[in-house]
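Undergrad: Quick one, data.pdb (PDB, C-alpha atoms):
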ATOM      1  CA  MET A 243       3.294   0.454  40.203
ATOM      2  CA  THR A 244       2.989  -1.269  36.834
ATOM      3  CA  SER A 245       4.850  -0.270  33.740
ATOM      4  CA  VAL A 246       3.370  -0.430  30.284
ATOM      5  CA  THR A 247       5.480  -2.270  27.759
ATOM      6  CA  SER A 248       5.544  -1.317  24.121
ATOM      7  CA  ASP A 249       3.378  -4.347  23.300
ATOM      8  CA  GLN A 250       0.549  -3.002  25.461
ATOM      9  CA  THR A 251       0.410   0.537  24.122
ATOM     10  CA  PRO A 252      -3.004   1.415  22.719
ATOM     11  CA  GLY A 253      -3.061   1.628  18.942
ATOM     12  CA  ARG A 254       0.166  -0.287  18.378
ATOM     13  CA  GLY A 255      -1.683  -3.293  16.965
ATOM     14  CA  ALA A 256      -3.628  -1.070  14.585
ATOM     15  CA  ALA A 257      -0.426   0.609  13.395
ATOM     16  CA  PHE A 258       1.142  -2.816  12.839
ATOM     17  CA  LEU A 259      -1.931  -3.974  10.906
ATOM     18  CA  VAL A 260      -1.860  -0.885   8.682
ATOM     19  CA  TYR A 261       1.804  -1.431   7.832
ATOM     20  CA  VAL A 262       1.067  -5.049   6.903
ATOM     21  CA  LEU A 263      -1.893  -3.975   4.761
ATOM     22  CA  TYR A 264       0.262  -1.356   3.055
ATOM     23  CA  LEU A 265       2.962  -3.908   2.286
ATOM     24  CA  LEU A 266       0.354  -6.292   0.867
ATOM     25  CA  SER A 267      -1.303  -3.560  -1.186
ATOM     26  CA  ILE A 268       0.786  -4.053  -4.326
ATOM     27  CA  PRO A 269      -0.535  -7.529  -5.154
ATOM     28  CA  SER A 270      -4.053  -6.396  -4.215
ATOM     29  CA  ALA A 271      -4.072  -3.434  -6.646
ATOM     30  CA  ALA A 272      -4.100  -0.971  -3.704
ATOM     31  CA  ILE A 273      -7.380  -2.257  -2.259
ATOM     32  CA  LEU A 274      -5.615  -3.228   0.975
ATOM     33  CA  ALA A 275      -3.993   0.223   1.158
ATOM     34  CA  LEU A 276      -7.471   1.749   1.148
ATOM     35  CA  VAL A 277      -8.513  -0.617   3.939
ATOM     36  CA  GLY A 278      -5.309   0.303   5.773
ATOM     37  CA  VAL A 279      -5.922   4.043   5.670
ATOM     38  CA  ILE A 280      -9.483   3.497   6.915
ATOM     39  CA  VAL A 281      -8.100   1.479   9.836
ATOM     40  CA  ALA A 282      -5.510   4.204  10.521
ATOM     41  CA  LEU A 283      -8.136   6.955  10.481
ATOM     42  CA  SER A 284     -10.461   5.049  12.798
ATOM     43  CA  SER A 285      -7.704   4.062  15.252
ATOM     44  CA  ARG A 286      -6.077   7.460  15.811
ATOM     45  CA  ASP A 287      -8.289   8.753  18.601
ATOM     46  CA  GLY A 288      -7.486   6.226  21.331
ATOM     47  CA  ALA A 289      -3.870   5.637  20.349
ATOM     48  CA  SER A 290      -0.837   6.300  22.522
ATOM     49  CA  PRO A 291       1.595   9.011  21.350
ATOM     50  CA  LEU A 292       3.918   6.415  19.787
ATOM     51  CA  ALA A 293       1.134   4.680  17.885
ATOM     52  CA  ARG A 294      -0.461   8.022  17.000
ATOM     53  CA  SER A 295       2.758   9.201  15.358
ATOM     54  CA  HIS A 296       2.817   6.034  13.241
ATOM     55  CA  LEU A 297      -0.871   6.269  12.359
ATOM     56  CA  ASP A 298      -0.509   9.923  11.370
ATOM     57  CA  ASP A 299       2.517   9.075   9.230
ATOM     58  CA  GLN A 300       0.624   6.209   7.588
ATOM     59  CA  ILE A 301      -2.224   8.549   6.680
ATOM     60  CA  ARG A 302       0.263  11.089   5.324
ATOM     61  CA  ILE A 303       2.012   8.427   3.228
ATOM     62  CA  TRP A 304      -1.317   7.249   1.814
ATOM     63  CA  MET A 305      -2.482  10.776   0.974
ATOM     64  CA  ILE A 306       0.752  11.615  -0.851
ATOM     65  CA  THR A 307       0.557   8.352  -2.782
ATOM     66  CA  PHE A 308      -3.131   8.923  -3.570
ATOM     67  CA  TRP A 309      -2.531  12.386  -5.041
ATOM     68  CA  TRP A 310       0.465  11.172  -7.047
ATOM     69  CA  GLY A 311      -1.618   8.265  -8.321
ATOM     70  CA  LEU A 312      -4.436  10.578  -9.333
ATOM     71  CA  PHE A 313      -2.008  12.888 -11.122
ATOM     72  CA  LEU A 314      -0.419   9.939 -12.934
ATOM     73  CA  LEU A 315      -3.834   8.591 -13.908
ATOM     74  CA  VAL A 316      -4.753  11.913 -15.516
ATOM     75  CA  ALA A 317      -1.342  12.210 -17.162
ATOM     76  CA  GLY A 318      -1.678   8.643 -18.457
ATOM     77  CA  GLY A 319      -5.071   9.461 -19.935
ATOM     78  CA  ILE A 320      -3.645  12.504 -21.670
ATOM     79  CA  GLY A 321      -0.724  10.414 -22.902
ATOM     80  CA  ALA A 322      -3.091   7.748 -24.244
ATOM     81  CA  VAL A 323      -5.050  10.364 -26.181
ATOM     82  CA  LEU A 324      -1.847  11.908 -27.528
ATOM     83  CA  THR A 325      -0.544   8.582 -28.872
ATOM     84  CA  PHE A 326      -2.382   9.460 -32.079
ATOM     85  CA  VAL A 327       0.170  12.202 -32.676
ATOM     86  CA  LEU A 328       3.031  10.054 -31.292
ATOM     87  CA  ILE A 329       3.918  12.424 -28.421
ATOM     88  CA  GLY A 330       1.830  10.259 -26.095
ATOM     89  CA  PHE A 331       4.289   7.364 -26.132
ATOM     90  CA  PRO A 332       7.055   9.197 -24.217
ATOM     91  CA  ILE A 333       4.414  10.566 -21.849
ATOM     92  CA  LEU A 334       3.205   7.032 -21.150
ATOM     93  CA  TRP A 335       6.788   5.893 -20.524
ATOM     94  CA  ILE A 336       7.340   8.731 -18.063
ATOM     95  CA  VAL A 337       4.010   8.024 -16.332
ATOM     96  CA  GLY A 338       4.895   4.332 -16.068
ATOM     97  CA  GLY A 339       8.306   5.106 -14.598
ATOM     98  CA  LEU A 340       6.910   7.593 -12.109
ATOM     99  CA  GLY A 341       4.164   5.142 -11.146
ATOM    100  CA  PHE A 342       6.774   2.480 -10.448
ATOM    101  CA  LEU A 343       8.808   4.993  -8.417
ATOM    102  CA  VAL A 344       5.766   5.977  -6.345
ATOM    103  CA  MET A 345       5.053   2.296  -5.668
ATOM    104  CA  VAL A 346       8.657   1.666  -4.585
ATOM    105  CA  VAL A 347       8.745   4.712  -2.295
ATOM    106  CA  PHE A 348       5.388   3.708  -0.727
ATOM    107  CA  THR A 349       6.716   0.213  -0.051
ATOM    108  CA  ILE A 350      10.032   1.417   1.366
ATOM    109  CA  LYS A 351       8.354   4.003   3.626
ATOM    110  CA  SER A 352       5.963   1.320   4.878
ATOM    111  CA  ALA A 353       8.768  -1.161   5.562
ATOM    112  CA  LEU A 354      10.886   1.441   7.372
ATOM    113  CA  GLY A 355       7.866   2.522   9.400
ATOM    114  CA  LEU A 356       7.184  -1.076  10.402
ATOM    115  CA  LEU A 357      10.792  -1.480  11.523
ATOM    116  CA  ALA A 358      10.579   1.745  13.536
ATOM    117  CA  LEU A 359       7.337   0.566  15.153
ATOM    118  CA  MET A 360       8.920  -2.756  16.076
ATOM    119  CA  ASP A 361      11.842  -0.868  17.672
ATOM    120  CA  GLY A 362       9.484   1.403  19.597
ATOM    121  CA  GLN A 363      10.550   4.554  17.761
ATOM    122  CA  ALA A 364       8.145   7.319  16.774
ATOM    123  CA  ARG A 365       7.735   8.468  13.176
TER     124      ARG A 365
END
Take the structure in the file and give it back as structure tokens.
TA:
Amino acid sequence: MTSVTSDQTPGRGAAFLVYVLYLLSIPSAAILALVGVIVALSSRDGASPLARSHLDDQIRIWMITFWWGLFLLVAGGIGAVLTFVLIGFPILWIVGGLGFLVMVVFTIKSALGLLALMDGQAR
């Protein structure tokens, strides 16, 4: 009888790749995050339960970040228009701060997920 080690579990490599793409997404202006979520979506079907939990969590993280980014983009546009009446400047500061916070949370969640994957823990 052969045992399957954590290195041989189906989908583990894809989950690792997605975490790396997520961590490299900041210097790439989120292009690599988009590639990462596409990889995660296409790799879910044949993945083991451990890898599937990571892939599902990666998709969830990306979707939350996407919707926050879209909200902040709209709020930033409104703030830019409202700079003519000076109320837009504080709105732009708040949008910038929240955008930075979303980026930090995305990076931390990706790094913690990668560490959990390397330890063989589910997400």
Undergrad: Which residue, A:Gly355, A:Gly330, A:Gly339, A:Gly311, has the smallest gap to Asp299 of chain A when you use all atoms listed in the file?
TA: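 The closest residue to Asp299 of chain A is A:Gly355.
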Undergrad: Could you pull the residues within 12 Å of Leu359 of chain A, counting only C-alpha atoms, minus those fewer than 4 positions along the same chain, as a list in words?
TA: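 Residues near the query, excluding close chain neighbours: Ser248, Asp249, Thr251, Gly253, Arg254, Gly255, Ala256, Ala257, Phe258, Leu259, Val260, Tyr261, Val262, Pro291, Leu292, Ala293, Arg294, Ser295, His296, Leu297, Asp299, Gln300, Ser352, Ala353, Leu354, Gly355, Gln363, Ala364 and Arg365 of chain A.
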Undergrad: Kindly provide, as a ChimeraX atom specification, the polymer residues lying within 12 Å of (-11.2, 2.3, 10.9), counting only C-alpha atoms and using the coordinates exactly as they appear in the file.
TA: /A:253,256-257,259-260,276-288,297,301
Undergrad: Separation of atom CA of Val327 of chain A and atom CA of Leu343 of chain A, in Å?
TA: 26.7 Å
Undergrad: Atom CA of Gly321 of chain A and atom CA of Gly341 of chain A, how far apart in Å?
TA: 13.8 Å
Undergrad: Figure out the distance between atom CA of Met360 of chain A and atom CA of Phe348 of chain A, please, to one decimal in Å.
TA: 18.3 Å
Undergrad: Which is closer to Met305 of chain A than all the others in A:Ala317, A:Leu328, A:Leu357, A:Ala275, using all atoms listed in the file?
TA: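 Using all atoms listed in the file, the shortest distance to Met305 of chain A belongs to A:Ala275.
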Undergrad: Point out the residue among A:Pro269, A:Gly362, A:Pro252, A:Gly319 with the least atom-to-atom distance to Met345 of chain A, counting all atoms listed in the file.
TA: A:Pro269
Undergrad: Name the residues in contact with Thr349 of chain A at a cut-off of 9 Å, using only C-alpha atoms, excluding same-chain residues fewer than 6 positions from it; report them as a PyMOL selection string.
TA: chain A and resi 264-265+267-268
Undergrad: Just say which residues the PyMOL selection byres ((chain A and resi 334) around 12) picks in this file, as a list of chain:residue names.
TA: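 Matching residues under the PyMOL selection byres ((chain A and resi 334) around 12) are A:Leu314, A:Leu315, A:Val316, A:Ala317, A:Gly318, A:Gly319, A:Ile320, A:Gly321, A:Ala322, A:Val323, A:Leu324, A:Thr325, A:Leu328, A:Ile329, A:Gly330, A:Phe331, A:Pro332, A:Ile333, A:Trp335, A:Ile336, A:Val337, A:Gly338, A:Gly339, A:Leu340, A:Gly341.
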Undergrad: I'd like to know which of A:Gln250, A:Leu263, A:Val344, A:Ser290 is closest to Trp309 of chain A, using all atoms listed in the file.
TA: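 Ranked by minimum distance to Trp309 of chain A, first place goes to A:Val344.
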